[in-house]
>>> print(open('final-v2.txt').read())   # compact mmCIF, C-alpha atoms
# COMPACT_ATOMS: atom_id res chain seq x y z
CA MET A 1 154.13 244.68 200.28
CA VAL A 2 154.29 247.42 202.89
CA VAL A 3 156.53 247.21 205.95
CA LEU A 4 156.80 249.92 208.61
CA GLU A 5 159.38 249.99 211.39
CA GLU A 6 159.95 252.68 213.99
CA PHE A 7 163.28 253.50 215.59
CA GLU A 8 164.42 255.66 218.50
CA ALA A 9 167.64 257.62 218.68
CA LYS A 10 169.25 260.10 221.05
CA THR A 11 170.50 263.18 219.23
CA GLY A 12 173.54 265.14 220.30
CA GLY A 13 172.07 268.62 219.86
CA ARG A 14 171.72 271.31 217.22
CA LEU A 15 172.80 270.09 213.75
CA ASP A 16 173.81 266.65 214.97
CA ALA A 17 173.46 264.40 211.92
CA LEU A 18 172.77 260.76 212.74
CA ASP A 19 173.48 258.38 209.87
CA VAL A 20 170.52 255.99 209.72
CA THR A 21 171.41 254.40 206.37
CA ASP A 22 172.31 251.00 207.83
CA GLU A 23 168.99 250.80 209.69
CA VAL A 24 167.14 251.68 206.49
CA ARG A 25 169.05 248.99 204.58
CA GLY A 26 168.20 246.51 207.33
CA VAL A 27 164.46 247.17 207.01
CA VAL A 28 164.64 246.77 203.22
CA ALA A 29 166.57 243.49 203.58
CA ALA A 30 164.22 242.11 206.24
CA ALA A 31 161.22 242.98 204.08
CA GLY A 32 162.73 241.10 201.16
CA VAL A 33 161.72 243.87 198.77
CA ARG A 34 163.60 243.73 195.46
CA ALA A 35 161.97 246.70 193.72
CA GLY A 36 160.12 249.65 195.20
CA SER A 37 160.92 252.52 197.49
CA VAL A 38 161.66 253.27 201.11
CA LEU A 39 160.46 256.32 203.01
CA VAL A 40 162.39 257.67 206.00
CA PHE A 41 160.15 259.95 208.10
CA SER A 42 160.67 262.11 211.20
CA PRO A 43 157.50 262.94 213.17
CA HIS A 44 159.10 266.05 214.69
CA THR A 45 158.94 269.73 213.68
CA THR A 46 162.51 270.42 214.81
CA CYS A 47 164.23 267.40 213.30
CA THR A 48 164.67 266.68 209.60
CA VAL A 49 165.57 263.83 207.28
CA MET A 50 167.97 264.46 204.42
CA ILE A 51 170.02 262.63 201.85
CA ALA A 52 173.54 264.06 201.91
CA ARG A 53 177.20 263.24 202.14
CA PRO A 54 177.91 263.48 205.87
CA GLY A 55 180.87 265.25 207.38
CA GLY A 56 181.92 268.29 209.36
CA GLY A 57 182.23 270.46 206.26
CA MET A 58 178.63 269.78 205.27
CA ILE A 59 177.34 270.64 208.74
CA ALA A 60 179.45 273.83 208.95
CA ALA A 61 178.19 274.98 205.55
CA LEU A 62 174.61 274.17 206.51
CA ASP A 63 174.99 276.08 209.76
CA ALA A 64 176.38 279.15 207.98
CA ALA A 65 173.64 279.11 205.34
CA MET A 66 170.86 278.70 207.87
CA ASN A 67 172.25 281.44 210.11
CA ALA A 68 172.20 283.78 207.10
CA ILE A 69 168.49 283.05 206.70
CA ALA A 70 167.58 282.92 210.39
CA PRO A 71 170.26 284.06 212.86
CA ALA A 72 170.44 281.70 215.83
CA ASP A 73 170.62 284.69 218.20
CA GLY A 74 167.78 286.63 216.52
CA TYR A 75 164.52 287.66 218.17
CA TYR A 76 161.58 285.35 217.45
CA ALA A 77 158.09 285.88 218.86
CA HIS A 78 157.78 282.09 219.20
CA ASP A 79 160.40 282.24 221.97
CA ASP A 80 158.88 285.26 223.75
CA LEU A 81 156.75 283.61 226.42
CA ALA A 82 155.42 287.02 227.48
CA ILE A 83 153.34 287.07 224.28
CA ARG A 84 153.12 283.42 223.23
CA THR A 85 150.33 281.53 224.95
CA GLU A 86 149.59 278.54 222.73
CA ASN A 87 151.28 275.18 222.21
CA LEU A 88 153.37 275.46 225.37
CA VAL A 89 155.03 272.47 227.00
CA ASP A 90 156.76 272.09 230.35
CA GLU A 91 160.18 273.73 230.31
CA GLU A 92 159.45 275.43 226.99
CA PRO A 93 162.73 275.78 225.06
CA ALA A 94 163.74 278.76 222.96
CA ASN A 95 163.64 276.85 219.68
CA ALA A 96 162.11 279.14 217.06
CA TRP A 97 165.34 278.90 215.08
CA ALA A 98 164.88 275.13 214.78
CA HIS A 99 161.30 275.51 213.51
CA ILE A 100 162.30 278.15 210.96
CA VAL A 101 165.28 276.18 209.71
CA HIS A 102 163.08 273.09 209.34
CA VAL A 103 160.86 275.03 206.93
CA PHE A 104 163.77 276.24 204.80
CA MET A 105 166.23 273.35 204.80
CA GLY A 106 164.40 270.36 205.94
CA LYS A 107 161.74 267.95 205.17
CA ALA A 108 159.95 265.54 207.37
CA SER A 109 160.90 262.71 205.00
CA GLU A 110 162.99 261.44 202.12
CA THR A 111 162.14 258.67 199.68
CA ILE A 112 164.85 256.40 198.30
CA PRO A 113 164.30 254.03 195.36
CA VAL A 114 165.03 250.33 195.87
CA ALA A 115 166.34 248.25 192.95
CA ASP A 116 167.61 244.67 193.13
CA GLY A 117 167.06 244.80 196.89
CA GLU A 118 169.47 247.72 197.37
CA LEU A 119 169.04 251.42 198.12
CA VAL A 120 169.67 253.53 195.03
CA LEU A 121 171.98 256.19 196.47
CA GLY A 122 174.73 258.17 194.79
CA GLU A 123 178.38 257.91 195.78
CA GLY A 124 178.77 259.04 199.37
CA GLN A 125 175.06 259.69 199.87
CA ARG A 126 173.60 258.66 203.21
CA ALA A 127 170.23 258.94 204.93
CA LEU A 128 170.63 261.40 207.80
CA LEU A 129 168.39 262.33 210.72
CA VAL A 130 169.42 265.90 211.53
CA GLU A 131 168.59 267.50 214.87
CA LEU A 132 167.69 271.18 214.65
CA ASP A 133 167.05 271.75 218.35
CA ARG A 134 168.61 270.45 221.56
CA SER A 135 169.73 266.94 222.41
CA ARG A 136 166.78 264.64 223.01
CA GLU A 137 165.16 261.32 222.28
CA ARG A 138 163.76 261.19 218.74
CA ARG A 139 161.75 258.74 216.68
CA TYR A 140 161.96 258.04 212.99
CA CYS A 141 159.99 255.67 210.81
CA VAL A 142 161.14 253.57 207.87
CA GLN A 143 158.43 252.38 205.47
CA VAL A 144 159.25 250.02 202.61
CA LEU A 145 156.87 249.67 199.65
CA GLY A 146 157.41 247.21 196.85
CA ASP A 147 157.73 243.57 195.81
>>> encode(input="final-v2.txt", output="structure tokens")
Amino acid sequence: MVVLEEFEAKTGGRLDALDVTDEVRGVVAAAGVRAGSVLVFSPHTTCTVMIARPGGGMIAALDAAMNAIAPADGYYAHDDLAIRTENLVDEEPANAWAHIVHVFMGKASETIPVADGELVLGEGQRALLVELDRSRERRYCVQVLGD
């Protein structure tokens, strides 16, 4: 069996971590899958999905680590609209940092095993949709595979 559901969420801005675990559990329960896996996917290049223990300390540590790799106030050609001419949108944001951080820290998806109809997560682990850019409407997909 394969079930796919899509959700929308409004993020609060850079490094806002939305806990989507309950929605993921709901899709698994509605599908009636007892054994298999569930994929949580973000179709955005400046938003990531991760399995982590949420909390302010985790976000602060993530912010510090990512700023060591790619300083938020650094120069990025992607943000220099005097030289960048492709892939422009109306009101183009300065968001190179978000794209770079996505490459280093993020993934577009996470897969979680399902056993006995439940997500197999460690103590304190949650499925998080993490915004790397500014506050905006986002989509994420939950796909359950199994029997």
>>> residues_around(input="final-v2.txt", residues="Arg126 (chain A)", least_positions_apart="5", cutoff="10 Å", atoms="only C-alpha atoms", output="list in words")
Leu18, Asp19, Val20, Thr21, Asp22, Met50, Ile51, Ala52, Arg53, Pro54, Leu119 and Leu121 of chain A
>>> atom_distance(input="final-v2.txt", atom1="CA of Pro71 (chain A)", atom2="CA of Glu86 (chain A)")
23.6 Å
>>> atom_distance(input="final-v2.txt", atom1="CA of Ser109 (chain A)", atom2="CA of Gly122 (chain A)")
17.8 Å
>>> atom_distance(input="final-v2.txt", atom1="CA of Gly36 (chain A)", atom2="CA of Val142 (chain A)")
13.3 Å
>>> closest_residue(input="final-v2.txt", among="A:Asp63, A:Asp73, A:Asp16, A:Asp147", to="Asp116 (chain A)", atoms="all atoms listed in the file")
A:Asp147
>>> residues_near_point(input="final-v2.txt", point="(159.2, 266.6, 212.0)", cutoff="9 Å", atoms="all atoms listed in the file", output="PDB file with C-alpha atoms, in the coordinates of the input")
ATOM      1  CA  PHE A  41     160.150 259.950 208.100  1.00  0.00           C
ATOM      2  CA  SER A  42     160.670 262.110 211.200  1.00  0.00           C
ATOM      3  CA  PRO A  43     157.500 262.940 213.170  1.00  0.00           C
ATOM      4  CA  HIS A  44     159.100 266.050 214.690  1.00  0.00           C
ATOM      5  CA  THR A  45     158.940 269.730 213.680  1.00  0.00           C
ATOM      6  CA  THR A  46     162.510 270.420 214.810  1.00  0.00           C
ATOM      7  CA  CYS A  47     164.230 267.400 213.300  1.00  0.00           C
ATOM      8  CA  THR A  48     164.670 266.680 209.600  1.00  0.00           C
ATOM      9  CA  VAL A  49     165.570 263.830 207.280  1.00  0.00           C
ATOM     10  CA  HIS A 102     163.080 273.090 209.340  1.00  0.00           C
ATOM     11  CA  GLY A 106     164.400 270.360 205.940  1.00  0.00           C
ATOM     12  CA  LYS A 107     161.740 267.950 205.170  1.00  0.00           C
ATOM     13  CA  ALA A 108     159.950 265.540 207.370  1.00  0.00           C
ATOM     14  CA  SER A 109     160.900 262.710 205.000  1.00  0.00           C
TER      15      SER A 109
END
>>> residues_around(input="final-v2.txt", residues="Gly12 (chain A)", least_positions_apart="4", cutoff="10 Å", atoms="all atoms listed in the file", output="VMD selection string")
chain A and resid 16 to 18 130 to 131 133 to 137
>>> closest_residue(input="final-v2.txt", among="A:Pro93, A:Gly26, A:Gly57, A:Gly124", to="Gln143 (chain A)", atoms="all atoms listed in the file")
A:Gly26
>>> residues_near_point(input="final-v2.txt", point="(164.3, 274.6, 217.2)", cutoff="8 Å", atoms="only C-alpha atoms", output="ChimeraX atom specification")
/A:46,94-101,132-134
>>> closest_residue(input="final-v2.txt", among="A:Leu129, A:Val144, A:Ala29, A:Ile69", to="Pro113 (chain A)", atoms="only C-alpha atoms")
A:Val144
>>> closest_residue(input="final-v2.txt", among="A:Ala64, A:Ile112, A:Cys141, A:Val120", to="Leu15 (chain A)", atoms="all atoms listed in the file")
A:Ala64
>>> closest_residue(input="final-v2.txt", among="A:Val3, A:Ala61, A:Leu81, A:Val103", to="Gly32 (chain A)", atoms="only C-alpha atoms")
A:Val3
>>> closest_residue(input="final-v2.txt", among="A:Ala60, A:Ala70, A:Ala82, A:Leu145", to="Gly117 (chain A)", atoms="all atoms listed in the file")
A:Leu145
>>> decode(input="final-v2.txt", residues="region 45-138 of chain A", atoms="C-alpha atoms", output="compact mmCIF listing (two decimals), in the first residue's frame")
# COMPACT_ATOMS: atom_id res chain seq x y z
CA THR A 45 15.52 24.23 -1.49
CA THR A 46 15.54 26.45 1.60
CA CYS A 47 13.60 24.23 3.98
CA THR A 48 14.74 20.89 5.36
CA VAL A 49 13.33 17.84 7.12
CA MET A 50 15.23 16.35 10.03
CA ILE A 51 14.83 13.88 12.84
CA ALA A 52 16.02 15.52 16.05
CA ARG A 53 15.14 16.31 19.62
CA PRO A 54 13.56 19.76 19.39
CA GLY A 55 14.35 22.64 21.67
CA GLY A 56 16.07 26.00 21.86
CA GLY A 57 19.45 24.47 22.64
CA MET A 58 19.37 22.37 19.49
CA ILE A 59 18.48 25.36 17.32
CA ALA A 60 21.15 27.58 18.92
CA ALA A 61 23.81 24.90 18.39
CA LEU A 62 22.68 24.38 14.80
CA ASP A 63 22.79 28.12 14.17
CA ALA A 64 26.32 28.41 15.57
CA ALA A 65 27.59 25.44 13.56
CA MET A 66 26.04 26.65 10.33
CA ASN A 67 27.37 30.18 10.82
CA ALA A 68 30.85 28.71 11.21
CA ILE A 69 30.45 27.05 7.81
CA ALA A 70 28.58 29.87 6.07
CA PRO A 71 28.37 33.19 7.94
CA ALA A 72 24.88 34.65 7.68
CA ASP A 73 26.36 38.09 6.93
CA GLY A 74 28.90 36.82 4.38
CA TYR A 75 29.05 37.83 0.71
CA TYR A 76 27.40 35.37 -1.67
CA ALA A 77 27.24 35.88 -5.44
CA HIS A 78 23.75 34.33 -5.38
CA ASP A 79 22.53 37.43 -3.52
CA ASP A 80 24.34 39.93 -5.77
CA LEU A 81 21.64 40.86 -8.26
CA ALA A 82 24.14 42.98 -10.20
CA ILE A 83 25.74 39.75 -11.45
CA ARG A 84 23.04 37.11 -10.98
CA THR A 85 20.59 36.95 -13.86
CA GLU A 86 19.03 33.48 -13.70
CA ASN A 87 16.31 31.93 -11.55
CA LEU A 88 15.03 35.29 -10.32
CA VAL A 89 11.60 35.72 -8.76
CA ASP A 90 9.64 38.84 -7.84
CA GLU A 91 11.07 40.47 -4.72
CA GLU A 92 14.15 38.25 -4.84
CA PRO A 93 15.34 37.66 -1.26
CA ALA A 94 18.95 37.54 -0.14
CA ASN A 95 18.85 33.85 0.77
CA ALA A 96 22.13 32.29 -0.35
CA TRP A 97 22.83 31.37 3.27
CA ALA A 98 19.67 29.24 3.34
CA HIS A 99 20.65 27.40 0.14
CA ILE A 100 24.19 26.73 1.41
CA VAL A 101 23.01 25.55 4.81
CA HIS A 102 20.51 23.22 3.14
CA VAL A 103 23.39 21.50 1.34
CA PHE A 104 25.44 21.03 4.52
CA MET A 105 22.88 20.34 7.22
CA GLY A 106 19.73 19.43 5.54
CA LYS A 107 18.01 16.96 3.45
CA ALA A 108 14.85 17.22 1.47
CA SER A 109 13.50 14.15 3.28
CA GLU A 110 13.74 11.68 6.14
CA THR A 111 12.48 8.11 6.23
CA ILE A 112 11.12 6.61 9.44
CA PRO A 113 10.45 2.88 9.88
CA VAL A 114 6.95 1.78 10.90
CA ALA A 115 6.51 -1.30 13.10
CA ASP A 116 3.26 -2.48 14.70
CA GLY A 117 1.59 0.62 13.26
CA GLU A 118 3.90 3.02 15.13
CA LEU A 119 6.78 5.26 14.10
CA VAL A 120 10.11 3.79 15.19
CA LEU A 121 11.73 6.85 16.77
CA GLY A 122 14.24 7.09 19.59
CA GLU A 123 13.50 8.77 22.90
CA GLY A 124 12.76 12.44 22.29
CA GLN A 125 13.14 12.18 18.52
CA ARG A 126 10.65 14.13 16.44
CA ALA A 127 10.12 14.82 12.74
CA LEU A 128 10.90 18.50 12.16
CA LEU A 129 10.34 20.80 9.19
CA VAL A 130 13.07 23.42 9.57
CA GLU A 131 12.88 26.76 7.79
CA LEU A 132 16.23 28.04 6.54
CA ASP A 133 14.97 31.26 4.98
CA ARG A 134 12.28 33.78 5.87
CA SER A 135 8.77 33.17 7.16
CA ARG A 136 6.50 31.83 4.44
CA GLU A 137 3.95 29.24 3.45
CA ARG A 138 5.55 25.82 2.96
